[in-house]
file coords11.pdb (PDB, N, CA and C atoms, pLDDT in the B column)
MODEL        1
ATOM      1  N   MET T   1     121.017-126.866 -56.318  1.00 71.00           N
ATOM      2  CA  MET T   1     121.755-128.104 -56.136  1.00 71.00           C
ATOM      3  C   MET T   1     123.234-127.912 -56.466  1.00 71.00           C
ATOM      4  N   THR T   2     123.534-127.160 -57.518  1.00 88.00           N
ATOM      5  CA  THR T   2     124.915-126.943 -57.914  1.00 88.00           C
ATOM      6  C   THR T   2     125.691-126.221 -56.818  1.00 88.00           C
ATOM      7  N   THR T   3     125.056-125.257 -56.152  1.00 92.00           N
ATOM      8  CA  THR T   3     125.712-124.530 -55.071  1.00 92.00           C
ATOM      9  C   THR T   3     126.021-125.459 -53.909  1.00 92.00           C
ATOM     10  N   ASN T   4     125.104-126.372 -53.591  1.00 94.00           N
ATOM     11  CA  ASN T   4     125.321-127.324 -52.507  1.00 94.00           C
ATOM     12  C   ASN T   4     126.487-128.253 -52.820  1.00 94.00           C
ATOM     13  N   ILE T   5     126.570-128.724 -54.052  1.00 95.00           N
ATOM     14  CA  ILE T   5     127.667-129.607 -54.441  1.00 95.00           C
ATOM     15  C   ILE T   5     128.988-128.848 -54.390  1.00 95.00           C
ATOM     16  N   ARG T   6     128.978-127.616 -54.875  1.00 96.00           N
ATOM     17  CA  ARG T   6     130.195-126.805 -54.837  1.00 96.00           C
ATOM     18  C   ARG T   6     130.661-126.588 -53.399  1.00 96.00           C
ATOM     19  N   MET T   7     129.728-126.303 -52.497  1.00 97.00           N
ATOM     20  CA  MET T   7     130.067-126.103 -51.088  1.00 97.00           C
ATOM     21  C   MET T   7     130.603-127.410 -50.481  1.00 97.00           C
ATOM     22  N   LEU T   8     129.997-128.537 -50.820  1.00 97.00           N
ATOM     23  CA  LEU T   8     130.458-129.823 -50.319  1.00 97.00           C
ATOM     24  C   LEU T   8     131.854-130.143 -50.846  1.00 97.00           C
ATOM     25  N   LYS T   9     132.118-129.814 -52.105  1.00 97.00           N
ATOM     26  CA  LYS T   9     133.453-130.035 -52.672  1.00 97.00           C
ATOM     27  C   LYS T   9     134.515-129.240 -51.923  1.00 97.00           C
ATOM     28  N   TRP T  10     134.240-127.949 -51.697  1.00 97.00           N
ATOM     29  CA  TRP T  10     135.226-127.109 -51.015  1.00 97.00           C
ATOM     30  C   TRP T  10     135.411-127.515 -49.559  1.00 97.00           C
ATOM     31  N   THR T  11     134.314-127.848 -48.901  1.00 98.00           N
ATOM     32  CA  THR T  11     134.407-128.300 -47.516  1.00 98.00           C
ATOM     33  C   THR T  11     135.206-129.596 -47.424  1.00 98.00           C
ATOM     34  N   SER T  12     134.933-130.528 -48.333  1.00 97.00           N
ATOM     35  CA  SER T  12     135.649-131.799 -48.353  1.00 97.00           C
ATOM     36  C   SER T  12     137.122-131.599 -48.681  1.00 97.00           C
ATOM     37  N   THR T  13     137.413-130.676 -49.571  1.00 97.00           N
ATOM     38  CA  THR T  13     138.804-130.375 -49.911  1.00 97.00           C
ATOM     39  C   THR T  13     139.552-129.839 -48.692  1.00 97.00           C
ATOM     40  N   VAL T  14     138.942-128.880 -48.000  1.00 98.00           N
ATOM     41  CA  VAL T  14     139.581-128.290 -46.826  1.00 98.00           C
ATOM     42  C   VAL T  14     139.794-129.358 -45.748  1.00 98.00           C
ATOM     43  N   LEU T  15     138.791-130.211 -45.524  1.00 98.00           N
ATOM     44  CA  LEU T  15     138.913-131.243 -44.502  1.00 98.00           C
ATOM     45  C   LEU T  15     139.993-132.267 -44.865  1.00 98.00           C
ATOM     46  N   THR T  16     140.040-132.660 -46.133  1.00 96.00           N
ATOM     47  CA  THR T  16     141.055-133.621 -46.562  1.00 96.00           C
ATOM     48  C   THR T  16     142.452-133.039 -46.392  1.00 96.00           C
ATOM     49  N   LEU T  17     142.645-131.801 -46.836  1.00 97.00           N
ATOM     50  CA  LEU T  17     143.956-131.166 -46.693  1.00 97.00           C
ATOM     51  C   LEU T  17     144.315-130.926 -45.233  1.00 97.00           C
ATOM     52  N   LEU T  18     143.341-130.590 -44.413  1.00 97.00           N
ATOM     53  CA  LEU T  18     143.587-130.416 -42.988  1.00 97.00           C
ATOM     54  C   LEU T  18     144.009-131.742 -42.353  1.00 97.00           C
ATOM     55  N   GLY T  19     143.380-132.832 -42.776  1.00 96.00           N
ATOM     56  CA  GLY T  19     143.767-134.150 -42.282  1.00 96.00           C
ATOM     57  C   GLY T  19     145.180-134.516 -42.686  1.00 96.00           C
ATOM     58  N   ILE T  20     145.551-134.216 -43.928  1.00 96.00           N
ATOM     59  CA  ILE T  20     146.911-134.490 -44.401  1.00 96.00           C
ATOM     60  C   ILE T  20     147.913-133.623 -43.637  1.00 96.00           C
ATOM     61  N   LEU T  21     147.593-132.351 -43.467  1.00 97.00           N
ATOM     62  CA  LEU T  21     148.480-131.440 -42.743  1.00 97.00           C
ATOM     63  C   LEU T  21     148.693-131.911 -41.305  1.00 97.00           C
ATOM     64  N   THR T  22     147.607-132.233 -40.606  1.00 97.00           N
ATOM     65  CA  THR T  22     147.739-132.655 -39.210  1.00 97.00           C
ATOM     66  C   THR T  22     148.471-133.987 -39.095  1.00 97.00           C
ATOM     67  N   PHE T  23     148.351-134.848 -40.098  1.00 94.00           N
ATOM     68  CA  PHE T  23     149.108-136.105 -40.091  1.00 94.00           C
ATOM     69  C   PHE T  23     150.600-135.819 -40.174  1.00 94.00           C
ATOM     70  N   TYR T  24     150.997-134.956 -41.098  1.00 96.00           N
ATOM     71  CA  TYR T  24     152.413-134.669 -41.274  1.00 96.00           C
ATOM     72  C   TYR T  24     152.987-133.796 -40.159  1.00 96.00           C
ATOM     73  N   LEU T  25     152.114-133.118 -39.413  1.00 97.00           N
ATOM     74  CA  LEU T  25     152.571-132.378 -38.239  1.00 97.00           C
ATOM     75  C   LEU T  25     152.544-133.261 -36.993  1.00 97.00           C
ATOM     76  N   ASP T  26     152.314-134.554 -37.195  1.00 94.00           N
ATOM     77  CA  ASP T  26     152.357-135.578 -36.151  1.00 94.00           C
ATOM     78  C   ASP T  26     151.243-135.415 -35.116  1.00 94.00           C
ATOM     79  N   TYR T  27     150.036-135.132 -35.588  1.00 94.00           N
ATOM     80  CA  TYR T  27     148.874-135.085 -34.711  1.00 94.00           C
ATOM     81  C   TYR T  27     148.028-136.347 -34.864  1.00 94.00           C
ATOM     82  N   TYR T  28     148.703-137.448 -35.180  1.00 88.00           N
ATOM     83  CA  TYR T  28     148.015-138.724 -35.301  1.00 88.00           C
ATOM     84  C   TYR T  28     147.594-139.169 -33.920  1.00 88.00           C
ATOM     85  N   PRO T  29     146.443-139.641 -33.658  1.00 89.00           N
ATOM     86  CA  PRO T  29     145.376-140.110 -34.521  1.00 89.00           C
ATOM     87  C   PRO T  29     144.331-139.047 -34.834  1.00 89.00           C
ATOM     88  N   TYR T  30     144.515-137.839 -34.297  1.00 92.00           N
ATOM     89  CA  TYR T  30     143.509-136.792 -34.513  1.00 92.00           C
ATOM     90  C   TYR T  30     143.387-136.404 -35.980  1.00 92.00           C
ATOM     91  N   SER T  31     144.419-136.670 -36.753  1.00 93.00           N
ATOM     92  CA  SER T  31     144.381-136.354 -38.177  1.00 93.00           C
ATOM     93  C   SER T  31     143.358-137.199 -38.923  1.00 93.00           C
ATOM     94  N   MET T  32     142.973-138.322 -38.326  1.00 93.00           N
ATOM     95  CA  MET T  32     141.997-139.192 -38.997  1.00 93.00           C
ATOM     96  C   MET T  32     140.608-138.555 -39.057  1.00 93.00           C
ATOM     97  N   ILE T  33     140.315-137.677 -38.130  1.00 94.00           N
ATOM     98  CA  ILE T  33     138.961-137.102 -38.063  1.00 94.00           C
ATOM     99  C   ILE T  33     138.664-136.210 -39.269  1.00 94.00           C
ATOM    100  N   PRO T  34     139.443-135.138 -39.510  1.00 97.00           N
ATOM    101  CA  PRO T  34     139.105-134.317 -40.684  1.00 97.00           C
ATOM    102  C   PRO T  34     139.311-135.069 -41.999  1.00 97.00           C
ATOM    103  N   HIS T  35     140.328-135.931 -42.043  1.00 96.00           N
ATOM    104  CA  HIS T  35     140.569-136.671 -43.277  1.00 96.00           C
ATOM    105  C   HIS T  35     139.402-137.608 -43.578  1.00 96.00           C
ATOM    106  N   SER T  36     138.886-138.285 -42.565  1.00 95.00           N
ATOM    107  CA  SER T  36     137.735-139.175 -42.758  1.00 95.00           C
ATOM    108  C   SER T  36     136.509-138.407 -43.242  1.00 95.00           C
ATOM    109  N   LEU T  37     136.271-137.252 -42.644  1.00 96.00           N
ATOM    110  CA  LEU T  37     135.116-136.449 -43.063  1.00 96.00           C
ATOM    111  C   LEU T  37     135.280-135.959 -44.501  1.00 96.00           C
ATOM    112  N   GLY T  38     136.503-135.594 -44.870  1.00 97.00           N
ATOM    113  CA  GLY T  38     136.765-135.196 -46.256  1.00 97.00           C
ATOM    114  C   GLY T  38     136.550-136.337 -47.227  1.00 97.00           C
ATOM    115  N   ILE T  39     136.991-137.523 -46.859  1.00 96.00           N
ATOM    116  CA  ILE T  39     136.803-138.707 -47.712  1.00 96.00           C
ATOM    117  C   ILE T  39     135.323-138.995 -47.895  1.00 96.00           C
ATOM    118  N   ILE T  40     134.566-138.929 -46.814  1.00 95.00           N
ATOM    119  CA  ILE T  40     133.124-139.175 -46.906  1.00 95.00           C
ATOM    120  C   ILE T  40     132.460-138.116 -47.783  1.00 95.00           C
ATOM    121  N   GLY T  41     132.866-136.863 -47.612  1.00 97.00           N
ATOM    122  CA  GLY T  41     132.295-135.786 -48.439  1.00 97.00           C
ATOM    123  C   GLY T  41     132.566-135.994 -49.916  1.00 97.00           C
ATOM    124  N   TRP T  42     133.810-136.336 -50.263  1.00 97.00           N
ATOM    125  CA  TRP T  42     134.135-136.562 -51.666  1.00 97.00           C
ATOM    126  C   TRP T  42     133.441-137.799 -52.218  1.00 97.00           C
ATOM    127  N   THR T  43     133.218-138.799 -51.390  1.00 96.00           N
ATOM    128  CA  THR T  43     132.473-139.982 -51.833  1.00 96.00           C
ATOM    129  C   THR T  43     131.026-139.609 -52.144  1.00 96.00           C
ATOM    130  N   ILE T  44     130.446-138.749 -51.325  1.00 95.00           N
ATOM    131  CA  ILE T  44     129.078-138.275 -51.584  1.00 95.00           C
ATOM    132  C   ILE T  44     129.033-137.484 -52.883  1.00 95.00           C
ATOM    133  N   VAL T  45     130.004-136.598 -53.096  1.00 96.00           N
ATOM    134  CA  VAL T  45     130.063-135.819 -54.336  1.00 96.00           C
ATOM    135  C   VAL T  45     130.170-136.761 -55.542  1.00 96.00           C
ATOM    136  N   GLY T  46     131.039-137.753 -55.452  1.00 95.00           N
ATOM    137  CA  GLY T  46     131.189-138.712 -56.548  1.00 95.00           C
ATOM    138  C   GLY T  46     129.915-139.476 -56.828  1.00 95.00           C
ATOM    139  N   THR T  47     129.182-139.804 -55.772  1.00 95.00           N
ATOM    140  CA  THR T  47     127.915-140.519 -55.938  1.00 95.00           C
ATOM    141  C   THR T  47     126.871-139.626 -56.600  1.00 95.00           C
ATOM    142  N   ILE T  48     126.763-138.388 -56.146  1.00 95.00           N
ATOM    143  CA  ILE T  48     125.763-137.466 -56.702  1.00 95.00           C
ATOM    144  C   ILE T  48     126.059-137.149 -58.168  1.00 95.00           C
ATOM    145  N   THR T  49     127.315-136.885 -58.468  1.00 95.00           N
ATOM    146  CA  THR T  49     127.681-136.485 -59.828  1.00 95.00           C
ATOM    147  C   THR T  49     127.965-137.666 -60.753  1.00 95.00           C
ATOM    148  N   LYS T  50     127.936-138.874 -60.188  1.00 95.00           N
ATOM    149  CA  LYS T  50     128.220-140.104 -60.952  1.00 95.00           C
ATOM    150  C   LYS T  50     129.597-140.049 -61.620  1.00 95.00           C
ATOM    151  N   ASP T  51     130.546-139.471 -60.894  1.00 96.00           N
ATOM    152  CA  ASP T  51     131.922-139.356 -61.362  1.00 96.00           C
ATOM    153  C   ASP T  51     132.677-140.602 -60.893  1.00 96.00           C
ATOM    154  N   LYS T  52     132.822-141.567 -61.786  1.00 96.00           N
ATOM    155  CA  LYS T  52     133.381-142.870 -61.406  1.00 96.00           C
ATOM    156  C   LYS T  52     134.832-142.803 -60.919  1.00 96.00           C
ATOM    157  N   PRO T  53     135.734-142.043 -61.586  1.00 96.00           N
ATOM    158  CA  PRO T  53     137.098-141.976 -61.040  1.00 96.00           C
ATOM    159  C   PRO T  53     137.152-141.351 -59.638  1.00 96.00           C
ATOM    160  N   LEU T  54     136.364-140.312 -59.423  1.00 94.00           N
ATOM    161  CA  LEU T  54     136.317-139.665 -58.106  1.00 94.00           C
ATOM    162  C   LEU T  54     135.753-140.629 -57.072  1.00 94.00           C
ATOM    163  N   LEU T  55     134.687-141.298 -57.428  1.00 94.00           N
ATOM    164  CA  LEU T  55     134.052-142.257 -56.533  1.00 94.00           C
ATOM    165  C   LEU T  55     134.995-143.417 -56.224  1.00 94.00           C
ATOM    166  N   THR T  56     135.706-143.898 -57.219  1.00 95.00           N
ATOM    167  CA  THR T  56     136.651-144.996 -57.012  1.00 95.00           C
ATOM    168  C   THR T  56     137.756-144.575 -56.059  1.00 95.00           C
ATOM    169  N   ASN T  57     138.324-143.401 -56.289  1.00 95.00           N
ATOM    170  CA  ASN T  57     139.418-142.921 -55.450  1.00 95.00           C
ATOM    171  C   ASN T  57     139.000-142.818 -53.989  1.00 95.00           C
ATOM    172  N   PHE T  58     137.949-142.105 -53.728  1.00 93.00           N
ATOM    173  CA  PHE T  58     137.599-141.821 -52.337  1.00 93.00           C
ATOM    174  C   PHE T  58     136.821-142.948 -51.671  1.00 93.00           C
ATOM    175  N   SER T  59     136.006-143.694 -52.409  1.00 92.00           N
ATOM    176  CA  SER T  59     135.282-144.793 -51.763  1.00 92.00           C
ATOM    177  C   SER T  59     136.232-145.907 -51.350  1.00 92.00           C
ATOM    178  N   LEU T  60     137.330-146.092 -52.082  1.00 94.00           N
ATOM    179  CA  LEU T  60     138.307-147.107 -51.688  1.00 94.00           C
ATOM    180  C   LEU T  60     139.150-146.656 -50.499  1.00 94.00           C
ATOM    181  N   GLN T  61     139.158-145.369 -50.206  1.00 94.00           N
ATOM    182  CA  GLN T  61     139.880-144.889 -49.031  1.00 94.00           C
ATOM    183  C   GLN T  61     139.112-145.158 -47.740  1.00 94.00           C
ATOM    184  N   ILE T  62     137.805-145.355 -47.845  1.00 94.00           N
ATOM    185  CA  ILE T  62     136.990-145.591 -46.649  1.00 94.00           C
ATOM    186  C   ILE T  62     137.415-146.876 -45.925  1.00 94.00           C
ATOM    187  N   PRO T  63     137.507-148.040 -46.610  1.00 95.00           N
ATOM    188  CA  PRO T  63     137.950-149.228 -45.866  1.00 95.00           C
ATOM    189  C   PRO T  63     139.396-149.130 -45.373  1.00 95.00           C
ATOM    190  N   ILE T  64     140.233-148.395 -46.108  1.00 94.00           N
ATOM    191  CA  ILE T  64     141.614-148.202 -45.649  1.00 94.00           C
ATOM    192  C   ILE T  64     141.618-147.403 -44.349  1.00 94.00           C
ATOM    193  N   MET T  65     140.808-146.362 -44.289  1.00 93.00           N
ATOM    194  CA  MET T  65     140.715-145.540 -43.081  1.00 93.00           C
ATOM    195  C   MET T  65     140.127-146.362 -41.930  1.00 93.00           C
ATOM    196  N   ILE T  66     139.125-147.165 -42.204  1.00 94.00           N
ATOM    197  CA  ILE T  66     138.525-148.015 -41.165  1.00 94.00           C
ATOM    198  C   ILE T  66     139.558-149.004 -40.630  1.00 94.00           C
ATOM    199  N   ALA T  67     140.353-149.580 -41.520  1.00 94.00           N
ATOM    200  CA  ALA T  67     141.407-150.506 -41.083  1.00 94.00           C
ATOM    201  C   ALA T  67     142.407-149.794 -40.175  1.00 94.00           C
ATOM    202  N   GLY T  68     142.757-148.558 -40.503  1.00 91.00           N
ATOM    203  CA  GLY T  68     143.668-147.786 -39.667  1.00 91.00           C
ATOM    204  C   GLY T  68     143.078-147.472 -38.303  1.00 91.00           C
ATOM    205  N   ILE T  69     141.798-147.162 -38.266  1.00 91.00           N
ATOM    206  CA  ILE T  69     141.124-146.883 -36.995  1.00 91.00           C
ATOM    207  C   ILE T  69     141.079-148.142 -36.131  1.00 91.00           C
ATOM    208  N   ILE T  70     140.760-149.276 -36.749  1.00 93.00           N
ATOM    209  CA  ILE T  70     140.716-150.542 -36.007  1.00 93.00           C
ATOM    210  C   ILE T  70     142.104-150.894 -35.474  1.00 93.00           C
ATOM    211  N   LYS T  71     143.122-150.757 -36.315  1.00 92.00           N
ATOM    212  CA  LYS T  71     144.497-151.054 -35.884  1.00 92.00           C
ATOM    213  C   LYS T  71     144.894-150.156 -34.721  1.00 92.00           C
ATOM    214  N   TYR T  72     144.617-148.877 -34.823  1.00 91.00           N
ATOM    215  CA  TYR T  72     144.952-147.944 -33.748  1.00 91.00           C
ATOM    216  C   TYR T  72     144.204-148.317 -32.465  1.00 91.00           C
ATOM    217  N   SER T  73     142.932-148.690 -32.603  1.00 92.00           N
ATOM    218  CA  SER T  73     142.125-149.041 -31.439  1.00 92.00           C
ATOM    219  C   SER T  73     142.688-150.268 -30.727  1.00 92.00           C
ATOM    220  N   TYR T  74     143.131-151.267 -31.491  1.00 92.00           N
ATOM    221  CA  TYR T  74     143.696-152.468 -30.875  1.00 92.00           C
ATOM    222  C   TYR T  74     145.068-152.225 -30.273  1.00 92.00           C
ATOM    223  N   THR T  75     145.890-151.424 -30.930  1.00 92.00           N
ATOM    224  CA  THR T  75     147.254-151.200 -30.420  1.00 92.00           C
ATOM    225  C   THR T  75     147.266-150.294 -29.185  1.00 92.00           C
ATOM    226  N   THR T  76     146.243-149.493 -29.027  1.00 90.00           N
ATOM    227  CA  THR T  76     146.188-148.617 -27.844  1.00 90.00           C
ATOM    228  C   THR T  76     145.332-149.196 -26.729  1.00 90.00           C
ATOM    229  N   GLY T  77     144.717-150.343 -26.978  1.00 87.00           N
ATOM    230  CA  GLY T  77     143.922-150.991 -25.952  1.00 87.00           C
ATOM    231  C   GLY T  77     142.514-150.474 -25.817  1.00 87.00           C
ATOM    232  N   LEU T  78     142.009-149.786 -26.833  1.00 78.00           N
ATOM    233  CA  LEU T  78     140.621-149.315 -26.770  1.00 78.00           C
ATOM    234  C   LEU T  78     139.634-150.450 -26.936  1.00 78.00           C
ATOM    235  N   PHE T  79     140.049-151.530 -27.609  1.00 74.00           N
ATOM    236  CA  PHE T  79     139.180-152.712 -27.762  1.00 74.00           C
ATOM    237  C   PHE T  79     139.731-153.851 -26.960  1.00 74.00           C
TER     238      PHE T  79
ENDMDL
END
call {"tool": "encode", "arguments": {"input": "coords11.pdb", "output": "structure tokens"}}
result
Amino acid sequence: MTTNIRMLKWTSTVLTLLGILTFYLDYYPYSMIPHSLGIIGWTIVGTITKDKPLLTNFSLQIPIMIAGIIKYSYTTGLF
């Protein structure tokens, strides 16, 4: 179990940083994909390990990311 959590942490870290990098390199909205997956991964890690600060940080990013996706969808005419 510890190896799985460690792998999930590193994968989530890489995805989150890749999302941040692609955002700053102006690959929006594609930057939302790896960043969202990283946020979900870290939320899972926080839930499994019962790490409240980690869970608070990343679980609160989920509705923010959803709001950004909805805003982008409406402004581009996808909805």
call {"tool": "select_by_dssp", "arguments": {"input": "coords11.pdb", "residues": "chain T", "states": "alpha helix (DSSP H)", "output": "VMD selection string"}}
result
chain T and resid 2 to 24 32 to 49 52 to 59 61 to 75
call {"tool": "closest_residue", "arguments": {"input": "coords11.pdb", "among": "T:Thr3, T:Thr16, T:Lys50, T:Asn57", "to": "Gly38 (chain T)", "atoms": "only C-alpha atoms"}}
result
T:Thr16
call {"tool": "atom_distance", "arguments": {"input": "coords11.pdb", "atom1": "CA of Thr75 (chain T)", "atom2": "CA of Ile20 (chain T)"}}
result
21.8 Å
call {"tool": "atom_distance", "arguments": {"input": "coords11.pdb", "atom1": "atom N of Thr2 (chain T)", "atom2": "atom C of Leu54 (chain T)"}}
result
18.2 Å
call {"tool": "closest_residue", "arguments": {"input": "coords11.pdb", "among": "T:Gln61, T:Gly77, T:Thr49, T:His35", "to": "Asn4 (chain T)", "atoms": "only C-alpha atoms"}}
result
T:Thr49
call {"tool": "residues_around", "arguments": {"input": "coords11.pdb", "residues": "Thr11 (chain T)", "least_positions_apart": "4", "cutoff": "8 Å", "atoms": "all atoms listed in the file", "output": "number ranges by chain"}}
result
T: 5-7, 15-17, 37-38, 41-42
call {"tool": "write_last_selection", "arguments": {"input": "coords11.pdb", "atoms": "N, CA and C atoms", "output": "tab-separated table (two decimals), in the frame of the given file"}}
result
chain	number	residue	atom	x	y	z
T	5	ILE	N	126.57	-128.72	-54.05
T	5	ILE	CA	127.67	-129.61	-54.44
T	5	ILE	C	128.99	-128.85	-54.39
T	6	ARG	N	128.98	-127.62	-54.88
T	6	ARG	CA	130.20	-126.80	-54.84
T	6	ARG	C	130.66	-126.59	-53.40
T	7	MET	N	129.73	-126.30	-52.50
T	7	MET	CA	130.07	-126.10	-51.09
T	7	MET	C	130.60	-127.41	-50.48
T	15	LEU	N	138.79	-130.21	-45.52
T	15	LEU	CA	138.91	-131.24	-44.50
T	15	LEU	C	139.99	-132.27	-44.86
T	16	THR	N	140.04	-132.66	-46.13
T	16	THR	CA	141.06	-133.62	-46.56
T	16	THR	C	142.45	-133.04	-46.39
T	17	LEU	N	142.65	-131.80	-46.84
T	17	LEU	CA	143.96	-131.17	-46.69
T	17	LEU	C	144.32	-130.93	-45.23
T	37	LEU	N	136.27	-137.25	-42.64
T	37	LEU	CA	135.12	-136.45	-43.06
T	37	LEU	C	135.28	-135.96	-44.50
T	38	GLY	N	136.50	-135.59	-44.87
T	38	GLY	CA	136.76	-135.20	-46.26
T	38	GLY	C	136.55	-136.34	-47.23
T	41	GLY	N	132.87	-136.86	-47.61
T	41	GLY	CA	132.29	-135.79	-48.44
T	41	GLY	C	132.57	-135.99	-49.92
T	42	TRP	N	133.81	-136.34	-50.26
T	42	TRP	CA	134.14	-136.56	-51.67
T	42	TRP	C	133.44	-137.80	-52.22
call {"tool": "residues_around", "arguments": {"input": "coords11.pdb", "residues": "Ile33 (chain T)", "least_positions_apart": "5", "cutoff": "12 Å", "atoms": "only C-alpha atoms", "output": "list in words"}}
result
Leu15, Thr16, Leu17, Leu18, Gly19, Ile20, Thr22, Phe23, Tyr27, Tyr28, Gly38, Ile39, Ile40, Met65, Ile66, Gly68 and Ile69 of chain T
call {"tool": "write_last_selection", "arguments": {"input": "coords11.pdb", "atoms": "N, CA and C atoms", "output": "mmCIF file, in the frame of the given file"}}
result
data_model
loop_
_atom_site.group_PDB
_atom_site.id
_atom_site.type_symbol
_atom_site.label_atom_id
_atom_site.label_comp_id
_atom_site.auth_asym_id
_atom_site.auth_seq_id
_atom_site.Cartn_x
_atom_site.Cartn_y
_atom_site.Cartn_z
ATOM 1 N N LEU T 15 138.791 -130.211 -45.524
ATOM 2 C CA LEU T 15 138.913 -131.243 -44.502
ATOM 3 C C LEU T 15 139.993 -132.267 -44.865
ATOM 4 N N THR T 16 140.040 -132.660 -46.133
ATOM 5 C CA THR T 16 141.055 -133.621 -46.562
ATOM 6 C C THR T 16 142.452 -133.039 -46.392
ATOM 7 N N LEU T 17 142.645 -131.801 -46.836
ATOM 8 C CA LEU T 17 143.956 -131.166 -46.693
ATOM 9 C C LEU T 17 144.315 -130.926 -45.233
ATOM 10 N N LEU T 18 143.341 -130.590 -44.413
ATOM 11 C CA LEU T 18 143.587 -130.416 -42.988
ATOM 12 C C LEU T 18 144.009 -131.742 -42.353
ATOM 13 N N GLY T 19 143.380 -132.832 -42.776
ATOM 14 C CA GLY T 19 143.767 -134.150 -42.282
ATOM 15 C C GLY T 19 145.180 -134.516 -42.686
ATOM 16 N N ILE T 20 145.551 -134.216 -43.928
ATOM 17 C CA ILE T 20 146.911 -134.490 -44.401
ATOM 18 C C ILE T 20 147.913 -133.623 -43.637
ATOM 19 N N THR T 22 147.607 -132.233 -40.606
ATOM 20 C CA THR T 22 147.739 -132.655 -39.210
ATOM 21 C C THR T 22 148.471 -133.987 -39.095
ATOM 22 N N PHE T 23 148.351 -134.848 -40.098
ATOM 23 C CA PHE T 23 149.108 -136.105 -40.091
ATOM 24 C C PHE T 23 150.600 -135.819 -40.174
ATOM 25 N N TYR T 27 150.036 -135.132 -35.588
ATOM 26 C CA TYR T 27 148.874 -135.085 -34.711
ATOM 27 C C TYR T 27 148.028 -136.347 -34.864
ATOM 28 N N TYR T 28 148.703 -137.448 -35.180
ATOM 29 C CA TYR T 28 148.015 -138.724 -35.301
ATOM 30 C C TYR T 28 147.594 -139.169 -33.920
ATOM 31 N N GLY T 38 136.503 -135.594 -44.870
ATOM 32 C CA GLY T 38 136.765 -135.196 -46.256
ATOM 33 C C GLY T 38 136.550 -136.337 -47.227
ATOM 34 N N ILE T 39 136.991 -137.523 -46.859
ATOM 35 C CA ILE T 39 136.803 -138.707 -47.712
ATOM 36 C C ILE T 39 135.323 -138.995 -47.895
ATOM 37 N N ILE T 40 134.566 -138.929 -46.814
ATOM 38 C CA ILE T 40 133.124 -139.175 -46.906
ATOM 39 C C ILE T 40 132.460 -138.116 -47.783
ATOM 40 N N MET T 65 140.808 -146.362 -44.289
ATOM 41 C CA MET T 65 140.715 -145.540 -43.081
ATOM 42 C C MET T 65 140.127 -146.362 -41.930
ATOM 43 N N ILE T 66 139.125 -147.165 -42.204
ATOM 44 C CA ILE T 66 138.525 -148.015 -41.165
ATOM 45 C C ILE T 66 139.558 -149.004 -40.630
ATOM 46 N N GLY T 68 142.757 -148.558 -40.503
ATOM 47 C CA GLY T 68 143.668 -147.786 -39.667
ATOM 48 C C GLY T 68 143.078 -147.472 -38.303
ATOM 49 N N ILE T 69 141.798 -147.162 -38.266
ATOM 50 C CA ILE T 69 141.124 -146.883 -36.995
ATOM 51 C C ILE T 69 141.079 -148.142 -36.131
#
call {"tool": "closest_residue", "arguments": {"input": "coords11.pdb", "among": "T:Val14, T:Asp51, T:Gly46, T:Met32", "to": "Tyr72 (chain T)", "atoms": "only C-alpha atoms"}}
result
T:Met32
call {"tool": "atom_distance", "arguments": {"input": "coords11.pdb", "atom1": "atom C of Phe58 (chain T)", "atom2": "atom N of Ser73 (chain T)"}}
result
20.8 Å
